[in-house]
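Below: coords.csv (CSV, C-alpha atoms and all ligand atoms)
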```
chain,number,residue,atom,x,y,z
A,77,MET,CA,94.7,73.0,-33.4
A,78,THR,CA,91.6,71.2,-32.1
A,79,ARG,CA,89.3,73.2,-29.8
A,80,ILE,CA,86.8,71.4,-27.6
A,81,LEU,CA,84.4,72.6,-24.9
A,82,HIS,CA,84.2,70.2,-22.1
A,83,ALA,CA,81.1,70.4,-19.8
A,84,ALA,CA,79.5,68.1,-17.3
A,85,ASP,CA,76.8,67.8,-14.7
A,86,LEU,CA,74.3,70.3,-16.1
A,87,HIS,CA,71.6,68.7,-13.8
A,88,LEU,CA,69.0,70.5,-15.9
A,89,ASP,CA,65.9,71.7,-14.1
A,90,SER,CA,67.3,70.6,-10.7
A,91,ARG,CA,65.8,72.8,-8.0
A,92,LEU,CA,68.3,75.1,-6.2
A,93,ARG,CA,68.0,74.5,-2.5
A,94,GLY,CA,67.4,77.2,0.1
A,95,LEU,CA,66.8,80.3,-1.9
A,96,GLN,CA,63.6,81.8,-0.4
A,97,ARG,CA,61.7,84.7,-1.8
A,98,TYR,CA,61.6,87.7,0.5
A,99,PRO,CA,61.3,91.4,0.1
A,100,GLY,CA,64.6,92.7,-1.3
A,101,ALA,CA,65.7,89.3,-2.7
A,102,PRO,CA,66.9,89.4,-6.3
A,103,ASP,CA,64.2,89.5,-8.9
A,104,TYR,CA,65.1,86.2,-10.5
A,105,ASP,CA,63.5,82.7,-10.4
A,106,PRO,CA,66.3,80.3,-9.2
A,107,ALA,CA,64.4,77.5,-10.9
A,108,ARG,CA,65.8,78.9,-14.2
A,109,ALA,CA,69.4,78.9,-13.2
A,110,THR,CA,70.5,75.5,-14.6
A,111,ARG,CA,68.8,76.4,-17.9
A,112,ASP,CA,70.5,79.8,-18.0
A,113,ALA,CA,73.8,78.1,-17.3
A,114,LEU,CA,73.3,75.8,-20.3
A,115,ALA,CA,72.3,78.7,-22.6
A,116,ARG,CA,75.5,80.5,-21.4
A,117,MET,CA,77.6,77.5,-22.2
A,118,VAL,CA,76.2,77.4,-25.7
A,119,GLU,CA,77.0,81.1,-26.1
A,120,LEU,CA,80.6,80.5,-24.9
A,121,ALA,CA,81.0,77.6,-27.3
A,122,LEU,CA,79.9,79.8,-30.2
A,123,ASP,CA,82.0,82.8,-29.1
A,124,HIS,CA,85.1,80.7,-28.8
A,125,GLN,CA,84.4,78.9,-32.1
A,126,VAL,CA,84.9,75.4,-30.6
A,127,HIS,CA,85.0,72.4,-33.0
A,128,VAL,CA,83.1,70.0,-30.8
A,129,VAL,CA,81.2,70.2,-27.5
A,130,ILE,CA,81.4,67.2,-25.2
A,131,ILE,CA,79.3,66.6,-22.1
A,132,ALA,CA,80.5,64.1,-19.5
A,133,GLY,CA,77.2,63.0,-18.0
A,134,ASP,CA,74.4,64.1,-15.7
A,135,ILE,CA,72.8,66.4,-18.2
A,136,TYR,CA,69.6,65.7,-16.3
A,137,GLU,CA,68.9,65.6,-12.6
A,138,GLY,CA,66.8,62.5,-13.0
A,139,ASP,CA,63.6,61.7,-14.9
A,140,TRP,CA,62.2,64.8,-16.6
A,141,GLN,CA,59.4,66.6,-14.8
A,142,ASP,CA,57.8,67.0,-18.2
A,143,TRP,CA,58.9,67.0,-21.9
A,144,ASN,CA,60.1,70.7,-21.6
A,145,THR,CA,63.3,69.6,-19.8
A,146,GLY,CA,64.4,67.5,-22.8
A,147,LEU,CA,63.0,70.1,-25.3
A,148,PHE,CA,65.1,72.8,-23.7
A,149,PHE,CA,68.3,70.8,-23.9
A,150,LEU,CA,67.7,69.9,-27.6
A,151,GLN,CA,66.8,73.5,-28.4
A,152,GLN,CA,70.1,74.7,-27.0
A,153,ILE,CA,72.0,71.9,-28.7
A,154,GLY,CA,70.3,72.9,-31.9
A,155,ARG,CA,71.9,76.3,-31.7
A,156,LEU,CA,75.3,74.6,-31.8
A,157,ILE,CA,74.4,72.1,-34.5
A,158,ARG,CA,73.1,74.9,-36.8
A,159,GLU,CA,76.5,76.5,-36.5
A,160,GLY,CA,78.2,73.2,-37.4
A,161,ILE,CA,79.3,72.3,-33.9
A,162,PRO,CA,78.6,68.6,-33.1
A,163,VAL,CA,77.9,67.5,-29.5
A,164,VAL,CA,78.9,64.2,-27.9
A,165,CYS,CA,77.3,63.2,-24.6
A,166,ILE,CA,77.4,60.3,-22.2
A,167,ARG,CA,74.8,59.5,-19.5
A,168,GLY,CA,75.9,59.6,-15.8
A,169,ASN,CA,74.3,58.2,-12.6
A,170,HIS,CA,71.6,60.8,-12.5
A,171,ASP,CA,70.5,60.3,-16.1
A,172,ALA,CA,71.4,56.7,-16.6
A,173,ALA,CA,69.7,55.0,-19.6
A,174,HIS,CA,67.4,52.9,-17.4
A,175,ARG,CA,66.5,55.8,-15.1
A,176,ILE,CA,65.2,58.2,-17.6
A,177,THR,CA,61.8,57.0,-18.9
A,178,ARG,CA,61.1,59.8,-21.3
A,179,GLY,CA,63.3,60.5,-24.4
A,180,LEU,CA,63.4,62.6,-27.5
A,181,ARG,CA,65.2,61.7,-30.6
A,182,PRO,CA,68.4,63.8,-30.8
A,183,PRO,CA,69.1,65.7,-34.0
A,184,GLU,CA,71.8,64.6,-36.4
A,185,HIS,CA,75.3,65.5,-35.1
A,186,CYS,CA,74.2,65.1,-31.5
A,187,TYR,CA,75.6,61.8,-30.2
A,188,ILE,CA,74.5,60.2,-27.0
A,189,LEU,CA,76.9,57.3,-26.5
A,190,GLN,CA,75.6,53.8,-25.9
A,191,HIS,CA,75.7,52.1,-22.5
A,192,GLU,CA,76.3,48.5,-23.6
A,193,LYS,CA,79.9,49.1,-24.4
A,194,PRO,CA,82.3,51.9,-25.2
A,195,GLU,CA,81.7,53.8,-28.4
A,196,SER,CA,83.9,56.1,-30.5
A,197,VAL,CA,82.8,59.0,-32.6
A,198,ARG,CA,85.3,60.3,-35.2
A,199,PHE,CA,85.6,63.8,-36.6
A,200,PRO,CA,88.0,63.4,-39.5
A,201,LYS,CA,87.9,67.1,-40.2
A,202,TYR,CA,89.7,67.7,-36.9
A,203,ASP,CA,91.6,64.5,-36.7
A,204,LEU,CA,89.6,63.9,-33.5
A,205,VAL,CA,88.1,60.8,-32.0
A,206,VAL,CA,86.0,60.9,-28.8
A,207,HIS,CA,85.6,57.6,-26.8
A,208,GLY,CA,83.0,57.1,-24.1
A,209,GLN,CA,80.3,55.0,-22.5
A,210,SER,CA,77.0,55.9,-20.8
A,211,TYR,CA,75.7,54.5,-17.6
A,212,ALA,CA,73.0,51.9,-17.9
A,213,THR,CA,71.9,52.3,-14.3
A,214,ALA,CA,72.5,54.7,-11.5
A,215,ARG,CA,74.9,52.4,-9.7
A,216,MET,CA,78.2,51.8,-11.5
A,217,ASP,CA,80.9,50.0,-9.5
A,218,ARG,CA,82.8,48.6,-12.6
A,219,ASN,CA,85.8,50.3,-14.0
A,220,LEU,CA,84.3,51.5,-17.3
A,221,ALA,CA,87.5,53.0,-18.6
A,222,ALA,CA,89.3,49.6,-18.5
A,223,HIS,CA,87.4,48.6,-21.7
A,224,TYR,CA,87.8,51.9,-23.6
A,225,PRO,CA,89.8,51.3,-26.8
A,226,ALA,CA,93.5,52.0,-27.2
A,227,ALA,CA,94.4,55.4,-28.6
A,228,GLU,CA,94.0,55.6,-32.4
A,229,GLN,CA,97.3,56.5,-34.0
A,230,GLY,CA,97.5,59.9,-35.9
A,231,MET,CA,94.3,61.1,-34.2
A,232,ILE,CA,93.6,63.3,-31.2
A,233,ASN,CA,92.0,61.0,-28.7
A,234,VAL,CA,89.6,62.2,-26.1
A,235,GLY,CA,88.0,60.1,-23.4
A,236,LEU,CA,84.6,61.0,-22.0
A,237,LEU,CA,83.9,59.4,-18.6
A,238,HIS,CA,81.5,59.8,-15.6
A,239,THR,CA,83.5,58.7,-12.6
A,240,ALA,CA,84.6,59.4,-9.0
A,241,LEU,CA,88.1,58.3,-10.1
A,242,ASN,CA,90.1,56.7,-7.3
A,243,GLY,CA,87.6,58.2,-4.7
A,244,ARG,CA,86.6,61.8,-4.0
A,245,GLU,CA,85.3,63.1,-0.7
A,246,GLY,CA,81.6,62.6,-0.4
A,247,HIS,CA,81.3,60.4,-3.5
A,248,GLU,CA,80.4,56.8,-3.9
A,249,PRO,CA,83.1,54.9,-5.9
A,250,TYR,CA,81.4,55.2,-9.3
A,251,ALA,CA,83.2,53.8,-12.3
A,252,PRO,CA,86.3,53.6,-10.1
A,253,CYS,CA,89.7,54.0,-11.8
A,254,HIS,CA,93.1,55.5,-11.2
A,255,PRO,CA,94.2,58.5,-13.1
A,256,ASP,CA,97.5,56.7,-13.9
A,257,HIS,CA,95.5,54.0,-15.7
A,258,LEU,CA,93.6,56.6,-17.7
A,259,LEU,CA,96.9,58.2,-18.8
A,260,GLU,CA,98.2,54.8,-19.8
A,261,LYS,CA,95.5,54.7,-22.5
A,262,GLY,CA,97.6,57.3,-24.4
A,263,TYR,CA,94.6,59.7,-24.9
A,264,HIS,CA,95.4,63.4,-25.1
A,265,TYR,CA,92.6,64.4,-22.8
A,266,TRP,CA,90.1,62.8,-20.3
A,267,ALA,CA,86.9,64.8,-19.9
A,268,LEU,CA,85.4,63.7,-16.6
A,269,GLY,CA,82.1,64.3,-15.0
A,270,HIS,CA,80.4,63.5,-11.7
A,271,VAL,CA,82.4,65.5,-9.2
A,272,HIS,CA,80.9,68.9,-9.1
A,273,GLN,CA,84.1,70.7,-8.2
A,274,PHE,CA,86.3,71.8,-11.0
A,275,GLU,CA,89.6,69.9,-10.7
A,276,VAL,CA,92.7,69.5,-12.9
A,277,VAL,CA,93.7,66.1,-11.5
A,278,GLN,CA,97.2,66.3,-9.9
A,279,GLY,CA,100.1,64.6,-11.7
A,280,THR,CA,98.2,64.4,-15.0
A,281,ASP,CA,99.7,67.4,-16.7
A,282,GLY,CA,96.3,68.9,-17.3
A,283,ARG,CA,95.1,65.7,-19.2
A,284,VAL,CA,92.6,64.5,-16.7
A,285,VAL,CA,90.0,67.1,-15.7
A,286,PHE,CA,86.7,67.4,-13.9
A,287,ALA,CA,84.8,70.3,-15.4
A,288,GLY,CA,82.6,70.6,-12.3
A,289,ASN,CA,78.9,71.5,-12.7
A,290,THR,CA,77.7,74.4,-14.7
A,291,GLN,CA,75.6,75.8,-11.9
A,292,GLY,CA,75.9,75.2,-8.1
A,293,ARG,CA,72.7,73.8,-6.7
A,294,HIS,CA,73.1,74.6,-3.0
A,295,ILE,CA,75.5,76.0,-0.4
A,296,ARG,CA,77.8,73.0,-0.5
A,297,GLU,CA,78.5,73.8,-4.2
A,298,THR,CA,80.2,77.2,-3.7
A,299,GLY,CA,82.3,79.3,-6.0
A,300,PRO,CA,82.3,79.9,-9.8
A,301,LYS,CA,81.0,77.1,-12.0
A,302,GLY,CA,81.6,76.5,-15.7
A,303,ALA,CA,83.0,74.5,-18.5
A,304,VAL,CA,86.6,74.0,-19.8
A,305,LEU,CA,87.9,75.2,-23.1
A,306,VAL,CA,90.5,72.6,-24.3
A,307,ASP,CA,93.0,73.4,-27.0
A,308,ILE,CA,95.1,70.5,-28.3
A,309,ASP,CA,97.8,71.4,-30.8
A,310,ALA,CA,99.3,69.1,-33.5
A,311,ALA,CA,102.1,68.1,-31.1
A,312,GLY,CA,99.5,66.9,-28.6
A,313,ASN,CA,100.0,69.7,-26.1
A,314,VAL,CA,97.0,70.6,-24.1
A,315,ARG,CA,96.0,74.1,-23.0
A,316,LEU,CA,93.0,74.6,-20.7
A,317,GLN,CA,90.9,77.7,-20.0
A,318,ARG,CA,88.0,77.7,-17.7
A,319,LEU,CA,84.9,79.5,-18.9
A,320,LEU,CA,82.2,80.4,-16.3
A,321,THR,CA,78.6,79.6,-16.9
A,322,HIS,CA,76.8,79.9,-13.5
A,323,LYS,CA,74.0,82.4,-13.1
A,324,ILE,CA,74.0,82.2,-9.3
A,325,ARG,CA,77.3,81.9,-7.4
A,326,TRP,CA,77.1,80.3,-3.9
A,327,GLU,CA,79.4,81.5,-1.2
A,328,LEU,CA,80.0,80.9,2.5
A,329,LEU,CA,80.8,84.2,4.2
A,330,ASN,CA,82.7,83.8,7.4
A,331,VAL,CA,82.3,86.7,9.7
A,332,PRO,CA,84.6,86.8,12.7
A,333,VAL,CA,82.8,88.4,15.6
A,334,THR,CA,85.5,87.8,18.2
A,335,ASP,CA,85.2,90.3,21.0
A,336,ALA,CA,82.0,91.9,19.7
A,337,ARG,CA,80.4,93.6,22.6
A,338,GLN,CA,77.1,94.6,21.3
A,339,PHE,CA,74.6,93.3,18.8
A,340,SER,CA,75.3,96.4,16.6
A,341,ASP,CA,79.0,95.4,16.5
A,342,VAL,CA,78.0,92.1,14.9
A,343,LEU,CA,75.8,93.9,12.3
A,344,ASP,CA,78.7,96.2,11.5
A,345,ARG,CA,81.0,93.2,10.8
A,346,ILE,CA,78.4,91.4,8.7
A,347,GLU,CA,77.9,94.6,6.7
A,348,GLN,CA,81.7,94.9,6.2
A,349,ARG,CA,82.0,91.3,4.9
A,350,LEU,CA,78.9,91.6,2.8
A,351,SER,CA,80.2,94.8,1.1
A,352,GLU,CA,83.4,93.0,0.3
A,353,ALA,CA,81.4,90.1,-1.2
A,354,VAL,CA,79.2,92.4,-3.2
A,355,SER,CA,82.3,94.1,-4.7
A,356,SER,CA,83.4,90.7,-6.1
A,357,VAL,CA,80.1,90.3,-8.0
A,358,VAL,CA,80.6,90.4,-11.8
A,359,GLU,CA,78.0,91.6,-14.3
A,360,GLU,CA,74.9,89.4,-14.8
A,361,GLU,CA,75.9,87.2,-11.8
A,362,LEU,CA,73.8,86.8,-8.7
A,363,LEU,CA,75.3,85.9,-5.3
A,364,ALA,CA,73.7,83.5,-2.8
A,365,VAL,CA,75.4,83.8,0.5
A,366,ARG,CA,75.3,82.0,3.8
A,367,VAL,CA,76.6,84.1,6.6
A,368,VAL,CA,78.6,82.2,9.3
A,369,LEU,CA,79.3,84.0,12.5
A,370,ALA,CA,82.4,82.6,14.3
A,371,GLY,CA,84.7,83.5,17.2
A,372,ALA,CA,84.5,83.9,21.0
A,373,THR,CA,82.1,86.6,22.1
A,374,ALA,CA,80.1,87.4,25.1
A,375,LEU,CA,77.1,87.7,22.8
A,376,ASP,CA,77.1,84.0,22.0
A,377,GLY,CA,73.8,83.2,23.6
A,378,GLN,CA,72.1,86.3,22.4
A,379,LEU,CA,73.2,85.6,18.8
A,380,ARG,CA,71.9,82.0,19.0
A,381,LEU,CA,68.6,83.1,20.3
A,382,GLY,CA,68.3,86.0,17.9
A,383,ARG,CA,69.0,84.0,14.7
A,384,SER,CA,65.8,84.9,12.9
A,385,ARG,CA,66.3,88.6,13.6
A,386,LEU,CA,69.9,88.3,12.5
A,387,LYS,CA,68.8,86.7,9.2
A,388,ALA,CA,66.4,89.6,8.6
A,389,GLU,CA,69.1,92.1,9.5
A,390,ALA,CA,71.6,90.5,7.1
A,391,ARG,CA,68.9,90.5,4.4
A,392,GLN,CA,68.3,94.2,5.1
A,393,LEU,CA,72.0,95.0,4.9
A,394,ALA,CA,72.4,93.0,1.7
A,395,GLN,CA,69.5,94.7,-0.1
A,396,GLN,CA,71.0,98.1,0.8
A,397,LEU,CA,74.2,97.1,-0.8
A,398,SER,CA,73.0,95.3,-3.9
A,399,GLU,CA,70.0,93.9,-5.8
A,400,SER,CA,72.0,90.8,-6.7
A,401,VAL,CA,72.5,89.1,-3.4
A,402,TRP,CA,70.5,86.6,-1.5
A,403,ILE,CA,71.0,85.8,2.1
A,404,GLU,CA,70.3,82.1,2.1
A,405,ASP,CA,70.8,81.7,5.8
A,406,ILE,CA,72.8,82.7,8.8
A,407,ARG,CA,74.6,80.3,11.1
A,408,VAL,CA,75.9,81.1,14.5
A,409,GLN,CA,79.0,79.1,15.3
A,410,THR,CA,80.3,81.4,18.1
A,411,GLN,CA,81.6,80.3,21.5
A,412,LEU,CA,81.6,82.0,24.8
A,413,PRO,CA,84.9,83.4,26.1
A,414,GLU,CA,86.3,80.9,28.4
A,415,ARG,CA,86.4,82.6,31.8
A,416,ARG,CA,83.7,81.3,34.1
A,417,GLY,CA,83.0,84.7,35.7
A,418,THR,CA,82.4,86.1,32.2
A,419,VAL,CA,80.2,83.2,31.3
A,420,GLY,CA,78.1,83.9,34.4
A,421,ALA,CA,77.8,87.5,33.5
A,422,ILE,CA,76.8,86.8,29.9
A,423,TRP,CA,74.1,84.4,30.7
A,424,GLN,CA,72.8,86.7,33.4
A,425,GLU,CA,72.6,89.5,30.8
A,426,LEU,CA,71.0,87.2,28.3
A,427,LEU,CA,68.4,85.9,30.7
A,428,ALA,CA,67.7,89.4,31.9
A,429,GLU,CA,66.8,90.3,28.4
A,430,LEU,CA,64.7,87.2,27.8
A,431,THR,CA,62.7,87.5,30.9
A,432,SER,CA,62.1,91.3,30.8
A,433,GLU,CA,58.6,92.4,30.1
A,434,ASN,CA,59.3,93.8,26.7
A,435,ALA,CA,61.4,91.0,25.5
A,436,ILE,CA,60.4,87.8,23.7
A,437,ALA,CA,56.8,87.0,24.3
A,438,GLN,CA,55.8,84.2,26.6
A,439,GLN,CA,54.6,82.1,23.7
A,440,GLU,CA,57.9,82.4,21.8
A,441,ILE,CA,59.9,81.3,24.8
A,442,THR,CA,57.7,78.2,25.0
A,443,GLU,CA,58.2,77.6,21.3
A,444,LEU,CA,61.9,77.9,21.8
A,445,VAL,CA,62.1,75.1,24.3
A,446,GLY,CA,63.4,72.0,22.6
A,447,SER,CA,64.8,74.1,19.8
A,448,LYS,CA,68.5,74.2,18.9
A,449,GLU,CA,68.8,77.6,20.6
A,450,ILE,CA,67.5,76.4,23.9
A,451,ASP,CA,69.8,73.5,23.7
A,452,ALA,CA,72.6,75.9,23.4
A,453,LEU,CA,71.3,77.8,26.4
A,454,ARG,CA,71.1,74.6,28.3
A,455,ARG,CA,74.7,73.7,27.5
A,456,GLY,CA,75.8,77.2,28.4
A,457,LEU,CA,74.0,77.0,31.8
A,458,ALA,CA,75.6,73.6,32.5
A,459,ARG,CA,79.0,75.3,32.2
A,460,VAL,CA,78.2,77.8,35.0
A,461,MET,CA,76.1,75.7,37.4
A,462,ASP,CA,75.6,72.2,38.5
A,463,PRO,CA,74.7,70.2,35.3
A,464,GLU,CA,72.4,67.9,37.3
A,465,ARG,CA,70.4,70.9,38.5
A,466,VAL,CA,70.1,72.2,34.9
A,467,GLU,CA,68.7,68.8,33.9
A,468,GLN,CA,66.3,68.8,36.7
A,469,TRP,CA,64.9,72.3,35.6
A,470,TRP,CA,64.6,71.0,32.1
A,471,ARG,CA,62.5,68.1,33.2
A,472,GLU,CA,60.3,70.0,35.6
A,473,GLN,CA,59.8,73.4,34.1
A,474,THR,CA,59.0,74.9,30.8
A,475,GLY,CA,59.4,78.2,29.0
A,476,ARG,CA,59.4,81.4,31.0
A,477,GLU,CA,59.4,79.6,34.3
A,478,LEU,CA,62.6,77.9,33.4
A,479,LEU,CA,64.3,81.1,32.3
A,480,LEU,CA,63.3,82.8,35.5
A,481,SER,CA,64.8,80.1,37.6
A,482,ALA,CA,68.0,80.3,35.5
A,483,ARG,CA,68.1,84.1,36.0
A,484,ALA,CA,67.5,83.9,39.7
A,485,TYR,CA,70.3,81.4,40.0
A,486,LEU,CA,72.7,83.4,38.0
A,487,ASP,CA,71.8,86.6,39.9
A,488,ALA,CA,72.8,84.8,43.1
A,489,LEU,CA,76.0,83.4,41.5
A,490,LEU,CA,77.1,86.8,40.5
A,491,ARG,CA,76.4,88.3,43.9
A,492,GLU,CA,78.7,85.7,45.4
A,493,ALA,CA,81.4,86.3,42.8
B,1,MN,MN,77.0,62.2,-11.3
```

Would you put the structure from the file into structure tokens?
Amino acid sequence: MTRILHAADLHLDSRLRGLQRYPGAPDYDPARATRDALARMVELALDHQVHVVIIAGDIYEGDWQDWNTGLFFLQQIGRLIREGIPVVCIRGNHDAAHRITRGLRPPEHCYILQHEKPESVRFPKYDLVVHGQSYATARMDRNLAAHYPAAEQGMINVGLLHTALNGREGHEPYAPCHPDHLLEKGYHYWALGHVHQFEVVQGTDGRVVFAGNTQGRHIRETGPKGAVLVDIDAAGNVRLQRLLTHKIRWELLNVPVTDARQFSDVLDRIEQRLSEAVSSVVEEELLAVRVVLAGATALDGQLRLGRSRLKAEARQLAQQLSESVWIEDIRVQTQLPERRGTVGAIWQELLAELTSENAIAQQEITELVGSKEIDALRRGLARVMDPERVEQWWREQTGRELLLSARAYLDALLREA
């Protein structure tokens, strides 16, 4: 049996987006996360006694910030090589040959495949041959795989390719090819990179696989991240096992607040969902959460205006529950309940709060004008009164003045109701 570890898209030293430092945030520097994920990958390769490690492109985010990025990679690779585990890599769009200006000579048994044409590395000890080709430049609209060699008889053939296949949502058509055409090569396994989501491509019987990245970099890269342990037996059967490498796991936390009546109801529901999320945290892992409030609630406007407080409240709840959780942000995607009368009452209540003496200071109201929150208020008002009149207020008045007009109007509206 031949045992390979397939990784891709390390994006070493890429900055994780959106994780601010704040009191109660985890005591960990997110800038380390991609390096820690690589170190974890190496440990897993050693623990599982793999024969070869293969990396399907985008080892680096782009040009190195300094030599330490390359040094770190080779230091980790060195741990494998010293244990007799060779490493085969290709370059992807992020670390294309002509895009990276710095370079360090890799040690023996670390192969970075050429970009001029496909290259094959043979490991007779394991009856294994790995075929692959690096990117020369960041853009790659040719079907690279078309020129990969035919499968070598009597060997286990593995293809290493950085590609968006036949198109993946949100991806440019890099090195376009169809999974069926990959299968026609007769290789036992295709180790793909580029798409950051782990995927065993449908209809390929586990032979065409995106490993996904080793560490999510922002809230659009949610869930566990890792590498794939690939066992290929003498009969050519493939068995896959996913091994997780991420240090920080990103998650979107949907919190339904339908029918919440008070601000504290909303906090209770956030706490409930946060505590569920915290209970899913495994040892050594950190969680980065974006809270999304959704549903129809009379508190819609209040929540939208109170977003900065909500974020602080969510952070306060999170730090009570765990030292391992960041609140990246909170998003309010609620709606008002539909009934017009209710809408009037809600806005009246909201505006009463906004315009009361001890509420938001005058200056803050002025700052809010033009913000997303005030836009939401404006849309809300347009639902309960003449939209033209709302527009006129918006042109002629600012800040507190505007809110007072809205309040007076809604007071009158409610008296009539
Ligand atoms: Mn890529």

Using all atoms listed in the file, which residues of the polymer chains come no farther than 7 Å from ligand MN 1 (chain B)? I'd like the answer as a VMD selection string. chain A and resid 85 133 to 134 168 to 170 238 269 to 271

Would you mind exporting C-alpha atoms of the selected residues as a CSV table (one decimal), in the coordinates of the input?
```csv
chain,number,residue,atom,x,y,z
A,85,ASP,CA,76.8,67.8,-14.7
A,133,GLY,CA,77.2,63.0,-18.0
A,134,ASP,CA,74.4,64.1,-15.7
A,168,GLY,CA,75.9,59.6,-15.8
A,169,ASN,CA,74.3,58.2,-12.6
A,170,HIS,CA,71.6,60.8,-12.5
A,238,HIS,CA,81.5,59.8,-15.6
A,269,GLY,CA,82.1,64.3,-15.0
A,270,HIS,CA,80.4,63.5,-11.7
A,271,VAL,CA,82.4,65.5,-9.2
```

Which one is closest to Ile295 (chain A): A:His191, A:Arg345, A:Arg366, A:His124? Count all atoms listed in the file.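 Ranking A:His191, A:Arg345, A:Arg366, A:His124 by distance to Ile295 (chain A), first place goes to A:Arg366.
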
Give the answer as one residue: which of A:Ser340, A:Gln396, A:Gln273, A:Asn330 has the shortest atom-to-atom distance to Arg293 (chain A), using all atoms listed in the file?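 That would be A:Gln273, the residue with the smallest distance to Arg293 (chain A).
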
Using CA of Glu404 (chain A) and CA of Phe339 (chain A) as the two end points, give the distance in Å to one decimal. 20.6 Å

Report, in Å with one decimal, the straight-line distance from CA of Gly262 (chain A) to CA of Ala226 (chain A).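 Calculated distance between CA of Gly262 (chain A) and CA of Ala226 (chain A) is 7.3 Å.
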
Point-to-point distance from CA of Val163 (chain A) to CA of Gly235 (chain A), Å rounded to tenths: 13.9 Å

Using all atoms listed in the file, the residue out of A:Thr280, A:Thr373, A:Thr239, A:Asn233 with shortest distance to Thr410 (chain A) is A:Thr373

Find the residues around region 202-215 of chain A up to 7 Å (only C-alpha atoms counted), leave out those fewer than 2 positions away in its own chain, and share them as a PyMOL selection string. chain A and resi 78+166-170+172-175+189-191+193-200+217+224+231-237

Do you have, as CSV, the list of residues of region 161-229 of chain A lying at most 9 Å from region 146-150 of chain A, each with its nearest atom pair and that distance in Å to one decimal, counting only C-alpha atoms and ordered by chain then number?
```
residue,atom,partner,partner_atom,distance
A:Arg178,CA,A:Gly146,CA,8.5
A:Gly179,CA,A:Gly146,CA,7.3
A:Leu180,CA,A:Gly146,CA,6.9
A:Pro182,CA,A:Leu150,CA,6.9
A:Pro183,CA,A:Leu150,CA,7.8
A:Cys186,CA,A:Leu150,CA,9.0
```

Counting all atoms listed in the file, which of A:Glu260, A:Val128, A:Ala227, A:Tyr98 gets nearest to Tyr187 (chain A)?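 Going through A:Glu260, A:Val128, A:Ala227, A:Tyr98 one by one, the smallest distance to Tyr187 (chain A) is for A:Val128.
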
Neighbour list for His254 (chain A) as number ranges by chain, cut-off 10 Å, only C-alpha atoms, skip fewer than 3 positions in-chain: A: 219, 221, 240-243, 257-259

Can you pull out the residues contacting region 321-323 of chain A? Cut-off 6 Å, using only C-alpha atoms, and skip same-chain residues under 5 positions away; I want them as a list in words.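 Answer for this query is Ala109, Ala113, Arg116, Met117, Thr290, Gln291, Lys301, Gly302 and Glu361 of chain A.
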